[in-house]
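upload35.cif, holding mmCIF, C-alpha atoms:
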```cif
data_target
#
loop_
_atom_site.label_atom_id
_atom_site.label_comp_id
_atom_site.auth_asym_id
_atom_site.auth_seq_id
_atom_site.Cartn_x
_atom_site.Cartn_y
_atom_site.Cartn_z
CA MET A 1 -11.78 15.57 53.39
CA LEU A 2 -9.13 12.87 53.75
CA PHE A 3 -11.02 10.25 51.88
CA SER A 4 -13.09 12.38 49.51
CA ARG A 5 -11.82 11.20 46.15
CA GLY A 6 -10.23 7.97 47.27
CA PHE A 7 -13.33 6.20 48.52
CA TYR A 8 -15.02 6.62 45.17
CA ARG A 9 -12.25 4.62 43.53
CA ILE A 10 -12.47 1.71 45.93
CA ARG A 11 -13.85 -1.49 44.50
CA ARG A 12 -14.89 -4.65 46.29
CA THR A 13 -11.48 -5.98 47.24
CA THR A 14 -10.20 -7.39 50.50
CA LEU A 15 -10.37 -5.24 53.62
CA ASN A 16 -6.59 -5.41 54.04
CA ARG A 17 -5.99 -3.94 50.62
CA ARG A 18 -8.52 -1.19 51.36
CA CYS A 19 -6.80 -0.39 54.66
CA GLN A 20 -3.42 -0.10 52.95
CA TRP A 21 -4.93 2.33 50.45
CA LEU A 22 -6.46 4.48 53.19
CA LEU A 23 -3.16 4.76 55.01
CA SER A 24 -1.17 5.68 51.91
CA PHE A 25 -3.81 8.12 50.65
CA ARG A 26 -3.85 10.08 53.90
CA ARG A 27 -0.51 11.79 53.19
CA ASP A 28 -1.72 13.52 50.08
CA HIS A 29 -4.94 14.97 51.46
CA GLN A 30 -4.19 16.27 54.91
CA GLN A 31 -4.71 19.79 53.68
CA LEU A 32 -8.37 19.04 52.98
CA ILE A 33 -9.21 19.37 56.67
CA CYS A 34 -8.80 23.05 57.50
CA PRO A 35 -9.73 24.59 60.86
CA THR A 36 -10.72 28.23 60.86
CA TYR A 37 -9.57 30.10 63.96
CA CYS A 38 -10.66 33.46 65.35
CA PRO A 39 -9.11 35.32 68.28
CA SER A 40 -10.69 35.43 71.74
CA PRO A 41 -9.41 36.94 74.97
CA MET A 42 -10.93 34.30 77.26
CA VAL A 43 -8.61 32.06 79.30
CA SER A 44 -10.32 28.80 78.47
CA ALA A 45 -10.51 26.17 75.80
CA GLU A 46 -11.73 28.94 73.53
CA LYS A 47 -8.57 30.93 74.19
CA ALA A 48 -6.34 27.94 73.58
CA LEU A 49 -8.07 26.91 70.38
CA GLY A 50 -8.79 30.43 69.15
CA CYS A 51 -12.50 29.69 68.89
CA ARG A 52 -14.88 26.80 68.55
CA GLU A 53 -13.29 25.27 65.49
CA ASN A 54 -15.20 25.20 62.25
CA TYR A 55 -14.13 22.06 60.41
CA SER A 56 -15.41 21.37 56.95
CA TRP A 57 -15.54 17.62 56.68
CA GLY A 58 -17.58 17.24 53.52
CA SER A 59 -19.48 14.09 52.70
CA CYS A 60 -18.06 12.89 49.41
CA ALA A 61 -16.24 10.00 51.03
CA PHE A 62 -19.28 8.41 52.52
CA HIS A 63 -21.50 9.12 49.53
CA GLY A 64 -18.81 7.41 47.47
CA PHE A 65 -18.98 4.36 49.69
CA GLY A 66 -22.74 4.46 49.38
CA ARG A 67 -22.43 4.26 45.61
CA GLN A 68 -20.13 1.27 45.93
CA ILE A 69 -22.34 -0.54 48.42
CA HIS A 70 -25.65 0.14 46.76
CA HIS A 71 -24.94 0.32 43.08
CA GLN A 72 -27.53 -2.42 42.56
CA SER A 73 -30.40 -0.17 43.72
CA ASN A 74 -30.73 3.37 42.41
CA SER A 75 -34.08 3.84 44.14
CA VAL A 76 -32.46 3.21 47.52
CA MET A 77 -29.78 5.75 46.76
CA GLU A 78 -32.28 8.44 45.86
CA GLU A 79 -33.90 8.35 49.31
CA GLN A 80 -32.87 10.63 52.14
CA LEU A 81 -31.80 8.17 54.80
CA ASP A 82 -32.05 8.62 58.56
CA PRO A 83 -30.43 5.58 60.22
CA PHE A 84 -32.41 6.06 63.42
CA SER A 85 -35.76 6.22 61.62
CA LEU A 86 -35.15 2.83 59.99
CA VAL A 87 -35.38 1.11 63.38
CA GLU A 88 -37.51 3.71 65.17
CA ASN A 89 -40.43 1.38 65.91
CA GLU A 90 -38.12 -1.38 67.10
CA LEU A 91 -36.23 1.06 69.32
CA SER A 92 -39.51 2.05 70.94
CA VAL A 93 -40.28 -1.59 71.72
CA LEU A 94 -36.75 -2.06 73.09
CA ALA A 95 -37.04 1.05 75.27
CA ASN A 96 -40.27 -0.21 76.84
CA ARG A 97 -38.77 -3.63 77.38
CA LEU A 98 -35.66 -2.14 78.98
CA ARG A 99 -37.78 -0.12 81.39
CA SER A 100 -39.53 -3.30 82.47
CA MET A 101 -36.23 -5.19 82.79
CA VAL A 102 -34.69 -2.73 85.26
CA VAL A 103 -37.60 -2.73 87.71
CA ALA A 104 -36.41 -3.66 91.21
CA GLU A 105 -38.27 -4.69 94.37
CA VAL A 106 -36.62 -2.03 96.56
CA PRO A 107 -37.99 1.42 95.64
CA ASP A 108 -34.70 3.29 96.02
CA LEU A 109 -32.88 0.77 93.85
CA ALA A 110 -35.68 0.89 91.29
CA SER A 111 -35.46 4.69 91.10
CA ALA A 112 -31.69 4.54 90.68
CA ALA A 113 -31.65 1.71 88.13
CA GLU A 114 -34.26 3.28 85.86
CA TYR A 115 -32.78 6.78 86.13
CA PHE A 116 -31.35 6.83 82.57
CA PHE A 117 -34.08 4.66 81.05
CA LYS A 118 -36.91 7.10 81.74
CA MET A 119 -38.65 8.89 78.86
CA GLY A 120 -36.65 11.89 77.73
CA VAL A 121 -33.29 10.90 79.22
CA GLU A 122 -32.62 7.57 77.54
CA GLY A 123 -29.99 9.19 75.30
CA LYS A 124 -29.47 8.77 71.57
CA ARG A 125 -29.77 4.95 71.77
CA PHE A 126 -26.84 4.88 69.38
CA ARG A 127 -25.67 1.36 70.22
CA PRO A 128 -29.05 -0.36 69.88
CA THR A 129 -29.49 1.45 66.55
CA VAL A 130 -26.16 0.15 65.27
CA LEU A 131 -26.95 -3.40 66.37
CA LEU A 132 -30.43 -3.51 64.86
CA LEU A 133 -29.10 -2.11 61.58
CA MET A 134 -26.27 -4.66 61.65
CA ALA A 135 -28.82 -7.46 62.11
CA THR A 136 -30.68 -6.36 58.97
CA ALA A 137 -27.43 -5.73 57.08
CA LEU A 138 -26.59 -9.39 57.66
CA ASN A 139 -29.87 -10.45 56.01
CA VAL A 140 -32.04 -10.82 59.12
CA PRO A 141 -35.55 -9.55 58.23
CA ILE A 142 -37.00 -6.52 59.99
CA PRO A 143 -40.14 -7.37 62.02
CA VAL A 144 -43.28 -6.60 60.02
CA SER A 145 -45.18 -3.48 61.10
CA ALA A 146 -48.92 -3.75 61.58
CA SER A 147 -51.37 -1.30 60.01
CA ASN A 148 -51.28 0.85 63.14
CA GLY A 149 -47.53 1.37 62.71
CA MET A 150 -46.58 -0.80 65.69
CA VAL A 151 -43.99 -3.52 65.29
CA ASP A 152 -45.31 -7.06 65.19
CA ALA A 153 -45.21 -8.38 68.76
CA LEU A 154 -44.00 -11.72 67.48
CA PRO A 155 -40.87 -11.11 65.37
CA THR A 156 -38.79 -14.04 64.24
CA GLU A 157 -37.01 -15.91 67.00
CA LEU A 158 -33.61 -14.89 65.64
CA ARG A 159 -34.55 -11.22 65.47
CA ARG A 160 -35.79 -11.36 69.06
CA ARG A 161 -32.48 -12.84 70.20
CA GLN A 162 -30.61 -10.09 68.40
CA GLN A 163 -32.86 -7.49 70.02
CA CYS A 164 -31.80 -9.04 73.31
CA ILE A 165 -28.16 -8.31 72.43
CA ALA A 166 -29.14 -4.67 71.88
CA GLU A 167 -30.84 -4.56 75.29
CA ILE A 168 -27.89 -6.20 77.03
CA THR A 169 -25.46 -3.80 75.35
CA GLU A 170 -27.47 -0.78 76.46
CA MET A 171 -27.64 -2.02 80.06
CA ILE A 172 -23.88 -2.62 80.14
CA HIS A 173 -23.30 0.82 78.62
CA VAL A 174 -25.50 2.63 81.14
CA ALA A 175 -23.92 0.68 84.02
CA SER A 176 -20.49 1.82 82.84
CA LEU A 177 -21.70 5.44 82.75
CA LEU A 178 -22.98 5.22 86.32
CA HIS A 179 -19.67 3.80 87.54
CA ASP A 180 -17.61 6.28 85.49
CA ASP A 181 -19.52 9.23 86.96
CA VAL A 182 -18.68 8.04 90.47
CA LEU A 183 -14.99 7.66 89.62
CA ASP A 184 -14.91 11.05 87.88
CA ASP A 185 -17.01 12.79 90.54
CA ALA A 186 -19.25 14.04 87.72
CA ASP A 187 -22.30 16.17 88.48
CA THR A 188 -24.08 16.12 85.09
CA ARG A 189 -24.90 13.48 82.51
CA ARG A 190 -27.20 13.74 79.48
CA GLY A 191 -28.04 17.30 80.43
CA ILE A 192 -29.36 16.45 83.92
CA GLY A 193 -27.79 15.80 87.29
CA SER A 194 -25.72 12.61 87.29
CA LEU A 195 -27.09 9.81 89.47
CA ASN A 196 -24.21 10.01 91.92
CA PHE A 197 -24.86 13.75 92.30
CA VAL A 198 -28.61 13.27 92.81
CA MET A 199 -28.71 10.08 94.90
CA GLY A 200 -25.13 9.62 96.11
CA ASN A 201 -22.20 7.40 95.17
CA LYS A 202 -23.50 4.29 96.92
CA SER A 203 -26.79 4.31 95.04
CA ALA A 204 -25.00 4.95 91.73
CA VAL A 205 -22.54 2.09 92.22
CA LEU A 206 -25.26 -0.34 93.30
CA ALA A 207 -27.52 0.71 90.43
CA GLY A 208 -24.68 0.01 88.01
CA ASP A 209 -24.10 -3.39 89.61
CA PHE A 210 -27.82 -4.13 89.38
CA LEU A 211 -27.89 -3.30 85.66
CA LEU A 212 -24.90 -5.58 85.07
CA SER A 213 -26.65 -8.40 86.91
CA ARG A 214 -29.79 -7.92 84.80
CA ALA A 215 -27.63 -7.94 81.67
CA CYS A 216 -26.09 -11.23 82.82
CA VAL A 217 -29.53 -12.81 83.32
CA ALA A 218 -30.58 -11.74 79.82
CA LEU A 219 -27.29 -12.98 78.39
CA ALA A 220 -27.71 -16.39 80.02
CA SER A 221 -31.18 -16.71 78.46
CA LEU A 222 -29.59 -16.78 74.99
CA LYS A 223 -27.89 -20.10 75.84
CA ASN A 224 -25.01 -19.42 73.47
CA THR A 225 -21.66 -19.91 75.19
CA GLU A 226 -19.66 -18.07 72.51
CA VAL A 227 -21.85 -14.98 72.79
CA VAL A 228 -21.83 -15.18 76.60
CA SER A 229 -18.03 -15.33 76.52
CA LEU A 230 -17.81 -12.34 74.15
CA LEU A 231 -19.90 -10.04 76.33
CA ALA A 232 -18.31 -11.27 79.55
CA ILE A 233 -14.96 -10.19 78.09
CA VAL A 234 -16.50 -6.78 77.38
CA VAL A 235 -17.18 -6.26 81.09
CA GLU A 236 -13.59 -7.31 81.82
CA HIS A 237 -12.38 -4.80 79.25
CA LEU A 238 -14.41 -1.99 80.82
CA VAL A 239 -12.72 -2.62 84.16
CA THR A 240 -9.28 -3.02 82.58
CA GLY A 241 -9.67 0.22 80.63
CA GLU A 242 -10.70 2.14 83.72
CA ILE A 243 -7.70 0.83 85.65
CA MET A 244 -5.43 1.75 82.73
CA GLN A 245 -6.83 5.27 82.87
CA THR A 246 -6.47 5.79 86.61
CA THR A 247 -3.10 4.07 87.23
CA THR A 248 -0.59 5.14 84.62
CA THR A 249 3.14 5.72 84.60
CA SER A 250 4.63 8.85 83.11
CA GLU A 251 5.65 6.91 80.02
CA GLN A 252 2.18 5.42 79.57
CA ARG A 253 0.47 8.81 79.85
CA CYS A 254 2.55 10.02 76.90
CA SER A 255 1.97 6.93 74.73
CA MET A 256 -0.53 7.02 71.85
CA GLU A 257 -0.45 3.22 71.69
CA TYR A 258 -1.42 3.00 75.37
CA TYR A 259 -4.18 5.56 74.85
CA MET A 260 -5.66 3.66 71.88
CA GLN A 261 -5.58 0.35 73.78
CA LYS A 262 -7.36 1.97 76.71
CA THR A 263 -9.87 3.56 74.33
CA TYR A 264 -10.62 0.18 72.80
CA TYR A 265 -11.24 -1.35 76.22
CA LYS A 266 -13.38 1.51 77.53
CA THR A 267 -15.42 2.31 74.43
CA ALA A 268 -14.88 0.18 71.33
CA SER A 269 -14.90 -3.30 72.87
CA LEU A 270 -18.59 -3.13 73.77
CA ILE A 271 -19.90 -2.16 70.33
CA SER A 272 -17.41 -4.33 68.40
CA ASN A 273 -18.12 -7.52 70.34
CA SER A 274 -21.84 -6.82 70.33
CA CYS A 275 -21.76 -6.48 66.52
CA LYS A 276 -19.91 -9.78 66.37
CA ALA A 277 -22.52 -11.35 68.66
CA ILE A 278 -25.24 -10.25 66.23
CA ALA A 279 -23.41 -12.08 63.44
CA LEU A 280 -22.77 -15.20 65.51
CA LEU A 281 -26.43 -15.51 66.50
CA ALA A 282 -27.29 -15.34 62.78
CA GLY A 283 -24.92 -18.24 62.09
CA LYS A 284 -22.63 -16.17 59.87
CA THR A 285 -19.16 -17.30 58.84
CA ALA A 286 -16.03 -16.35 60.75
CA GLU A 287 -15.16 -13.89 57.97
CA VAL A 288 -18.52 -12.08 58.13
CA SER A 289 -18.44 -12.09 61.94
CA SER A 290 -14.98 -10.54 61.79
CA LEU A 291 -16.22 -7.80 59.44
CA ALA A 292 -19.07 -7.01 61.85
CA TYR A 293 -16.50 -6.81 64.65
CA GLU A 294 -14.20 -4.54 62.60
CA TYR A 295 -17.07 -2.18 61.86
CA GLY A 296 -17.94 -1.89 65.55
CA LYS A 297 -14.33 -1.52 66.65
CA ASN A 298 -13.48 1.27 64.23
CA LEU A 299 -16.80 3.04 64.75
CA GLY A 300 -16.20 2.93 68.52
CA LEU A 301 -12.67 4.28 68.19
CA ALA A 302 -13.82 7.09 65.89
CA TYR A 303 -16.64 7.94 68.30
CA GLN A 304 -14.30 8.23 71.29
CA LEU A 305 -11.69 10.25 69.37
CA VAL A 306 -14.37 12.78 68.45
CA ASP A 307 -15.58 12.73 72.06
CA ASP A 308 -12.06 13.60 73.18
CA VAL A 309 -11.93 16.50 70.70
CA LEU A 310 -15.34 17.78 71.82
CA ASP A 311 -14.13 17.82 75.41
CA PHE A 312 -11.90 20.72 74.31
CA THR A 313 -14.12 22.35 71.70
CA GLY A 314 -17.68 21.77 72.90
CA THR A 315 -19.71 23.49 75.59
CA SER A 316 -21.20 22.01 78.73
CA THR A 317 -24.67 22.65 77.29
CA SER A 318 -24.02 20.87 74.00
CA LEU A 319 -22.23 17.92 75.61
CA GLY A 320 -24.67 17.40 78.47
CA LYS A 321 -21.66 17.27 80.80
CA GLY A 322 -18.78 19.54 81.74
CA SER A 323 -16.29 20.50 79.05
CA LEU A 324 -12.53 20.18 79.72
CA SER A 325 -13.44 17.41 82.17
CA ASP A 326 -10.71 15.03 80.96
CA ILE A 327 -7.74 17.34 81.33
CA ARG A 328 -9.01 18.63 84.69
CA HIS A 329 -9.02 15.02 85.90
CA GLY A 330 -5.51 14.47 84.55
CA ILE A 331 -6.72 12.26 81.68
CA ILE A 332 -4.52 12.65 78.59
CA THR A 333 -6.28 12.14 75.26
CA ALA A 334 -5.34 12.23 71.57
CA PRO A 335 -5.36 16.03 71.04
CA ILE A 336 -2.87 16.57 73.90
CA LEU A 337 -0.78 13.55 72.84
CA TYR A 338 -0.42 14.99 69.35
CA ALA A 339 0.37 18.43 70.78
CA MET A 340 3.14 16.84 72.86
CA GLU A 341 4.76 15.54 69.67
CA GLU A 342 5.04 19.12 68.40
CA PHE A 343 5.90 20.64 71.78
CA PRO A 344 7.93 18.13 73.87
CA GLN A 345 8.04 20.64 76.75
CA LEU A 346 4.34 19.90 77.25
CA CYS A 347 5.43 16.54 78.70
CA GLU A 348 6.70 18.33 81.80
CA VAL A 349 3.29 19.92 82.31
CA VAL A 350 1.58 16.54 81.90
CA ASP A 351 3.95 14.91 84.40
CA ARG A 352 3.03 17.51 87.02
CA GLY A 353 -0.64 16.65 86.67
CA PHE A 354 -3.33 19.29 86.40
CA ASP A 355 -4.16 20.10 89.99
CA ASN A 356 -2.95 23.63 89.32
CA PRO A 357 -5.34 25.55 87.02
CA ALA A 358 -2.33 27.38 85.60
CA ASP A 359 -1.04 24.09 84.21
CA VAL A 360 -4.42 23.44 82.57
CA ASN A 361 -4.24 26.84 80.86
CA LEU A 362 -0.62 26.23 79.83
CA ALA A 363 -1.53 22.89 78.26
CA LEU A 364 -4.43 24.52 76.44
CA ASP A 365 -2.08 27.21 75.10
CA TYR A 366 0.23 24.55 73.68
CA LEU A 367 -2.75 22.70 72.23
CA GLY A 368 -3.96 25.86 70.52
CA LYS A 369 -0.57 26.33 68.85
CA SER A 370 -0.43 22.73 67.67
CA ARG A 371 -2.29 20.58 65.17
CA GLY A 372 -3.47 18.31 67.98
CA ILE A 373 -7.18 18.88 67.41
CA GLN A 374 -6.85 18.51 63.65
CA ARG A 375 -4.75 15.33 63.85
CA ALA A 376 -7.18 13.74 66.31
CA ARG A 377 -9.98 14.55 63.86
CA GLU A 378 -7.96 12.97 61.06
CA LEU A 379 -7.43 9.81 63.08
CA ALA A 380 -11.17 9.63 63.78
CA ALA A 381 -11.84 10.00 60.03
CA LYS A 382 -9.40 7.19 59.30
CA HIS A 383 -11.22 4.81 61.64
CA ALA A 384 -14.58 5.90 60.26
CA GLY A 385 -13.27 4.99 56.81
CA LEU A 386 -12.16 1.57 58.01
CA ALA A 387 -15.60 0.97 59.50
CA SER A 388 -17.19 1.86 56.16
CA ALA A 389 -14.77 -0.45 54.36
CA ALA A 390 -15.86 -3.34 56.57
CA ILE A 391 -19.50 -2.84 55.55
CA ASP A 392 -18.49 -2.60 51.88
CA SER A 393 -16.74 -5.97 52.22
CA LEU A 394 -19.84 -7.87 53.35
CA PRO A 395 -21.18 -10.45 50.88
CA GLU A 396 -23.17 -8.85 48.08
CA SER A 397 -26.93 -8.69 48.33
CA ASP A 398 -29.76 -7.32 46.20
CA ASP A 399 -32.27 -7.20 49.06
CA LYS A 400 -33.59 -3.64 49.44
CA ASP A 401 -33.74 -3.72 53.27
CA VAL A 402 -30.22 -5.14 53.48
CA LEU A 403 -28.84 -2.47 51.17
CA LYS A 404 -30.66 0.29 53.02
CA SER A 405 -29.32 -0.90 56.39
CA ARG A 406 -25.78 -1.14 55.07
CA ARG A 407 -26.03 2.37 53.70
CA ALA A 408 -27.33 3.51 57.09
CA LEU A 409 -24.34 1.94 58.84
CA VAL A 410 -22.00 3.81 56.50
CA ASP A 411 -23.97 7.00 57.11
CA LEU A 412 -23.50 6.55 60.86
CA THR A 413 -19.71 6.66 60.42
CA HIS A 414 -20.12 10.08 58.81
CA ARG A 415 -22.45 11.26 61.56
CA VAL A 416 -19.99 10.14 64.21
CA ILE A 417 -17.13 12.29 62.92
CA THR A 418 -19.27 15.35 62.14
CA ARG A 419 -21.26 15.46 65.39
CA THR A 420 -20.98 18.42 67.73
CA LYS A 421 -22.37 16.79 70.87
#
```

Using structure tokens, write down the structure from this file.
Amino acid sequence: MLFSRGFYRIRRTTLNRRCQWLLSFRRDHQQLICPTYCPSPMVSAEKALGCRENYSWGSCAFHGFGRQIHHQSNSVMEEQLDPFSLVENELSVLANRLRSMVVAEVPDLASAAEYFFKMGVEGKRFRPTVLLLMATALNVPIPVSASNGMVDALPTELRRRQQCIAEITEMIHVASLLHDDVLDDADTRRGIGSLNFVMGNKSAVLAGDFLLSRACVALASLKNTEVVSLLAIVVEHLVTGEIMQTTTTSEQRCSMEYYMQKTYYKTASLISNSCKAIALLAGKTAEVSSLAYEYGKNLGLAYQLVDDVLDFTGTSTSLGKGSLSDIRHGIITAPILYAMEEFPQLCEVVDRGFDNPADVNLALDYLGKSRGIQRARELAAKHAGLASAAIDSLPESDDKDVLKSRRALVDLTHRVITRTK
């Protein structure tokens, strides 16, 4: 893995110094990420890529970071850690609260708005998990559980306000999914029919608008103008990113810089600014708030880069949506951009668009001959490393819950780049 030996050597220095190290170290260890291909006659992503790639990422890097972060507590390190289980009870409370927040007076709107908040289809709740862990990592106590295992109904006022950020973030995220599915004419989401497919585009758009309005009401209740401004900018970024994706020049479609900026707007802005909001509500310094932001930004970028890889290598069943959906909609992502660097003639195919299935197959053939998938994976690993470095740079603490939450945040960076769906 790119960072396998290097992370272990990192000490608590500034984030900038750590970033410089990561960039310089990358050259020497590219060979540690090795795809294994096998032939297949199918004209599909499997033909282009040879097979579903089998990457060996390893975990030394992130275990190394764990040793650096948690050297004060050997008992914490000995535990098997599941980041989601650490906030499981709180997530359950949040899920129930979200279901009550999206209730509408008009039955059709109510059915549409709660479509992805119902039991069984609420998704991984990845963003709320990150935000609750970030709150604890910044020394905000976890609500005490009663003897029956339920979370105390009266957590500290600060923790409740941070839970509200998690709820707002999830509503904004789901609203963006509803709108994206309309724009992409998607028919599946989270393994079931997309809302626009089931109830029509109008209901999906209005449900998304309704969720945004509910998020705004919750945001206003915090009465913190800096946090309100942060999350208002997130909504602006979501719109900007979507426009960047749908209205591009030929030059922009072939630009990695343009792609990364769009990716930040569409994916990373929400989690990065929400992490920063968690820190601001806790009254943390500008430096600590910036580290929380950097963690969210790099985690979000890594997440989307892996998503873009899985669009080529995953299956519709594993993804819960159609595979190859990006390229079929003419959306150019990191794997194709890297393939274009190796095969400039691919630019002509991209310029023609992908209305013709033959052009889709041709692009996939070029991708299969290139290192596009591998280089996109490497870029995701780089951003995952930067996210981990941000957590390692937080002020030292000997609190067991703080250390455990920080380790969980590092563990999430590893899970992001090794996920298959």

field: Residues returned when the PyMOL selection byres ((chain A and resi 270) around 9) runs on this file, as a VMD selection string
entry: chain A and resid 169 172 to 173 231 234 to 235 237 to 238 264 to 269 271 to 275 296 to 297 300

- request: Quick one: apply the PyMOL selection byres ((chain A and resi 413) around 12) to the file and drop the selected residues here as a ChimeraX atom specification.
  value: /A:59,61-63,65-66,83,126,130,295-303,306,380-391,406-412,414-419

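Evaluated against this file, the PyMOL selection byres ((chain A and resi 199) around 12) yields Asp108, Leu109, Ser111, Ala112, Ala113, Tyr115, Leu178, Val182, Asp187, Gly193, Ser194, Leu195, Asn196, Phe197, Val198, Gly200, Asn201, Lys202, Ser203, Ala204, Val205, Leu206 and Ala207 of chain A.
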
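Across the model, the gap from CA of Leu131 in chain A to CA of Ala95 in chain A is 14.2 Å.
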
Around all listed atoms of range 268-280 of chain A, padded 5 Å per side, what centre and edge lengths does the axis-aligned box have in Å to one decimal, as AutoDock Vina command-line options?
```
--center_x -20.1 --center_y -7.5 --center_z 68.6 --size_x 20.4 --size_y 25.4 --size_z 20.3
```
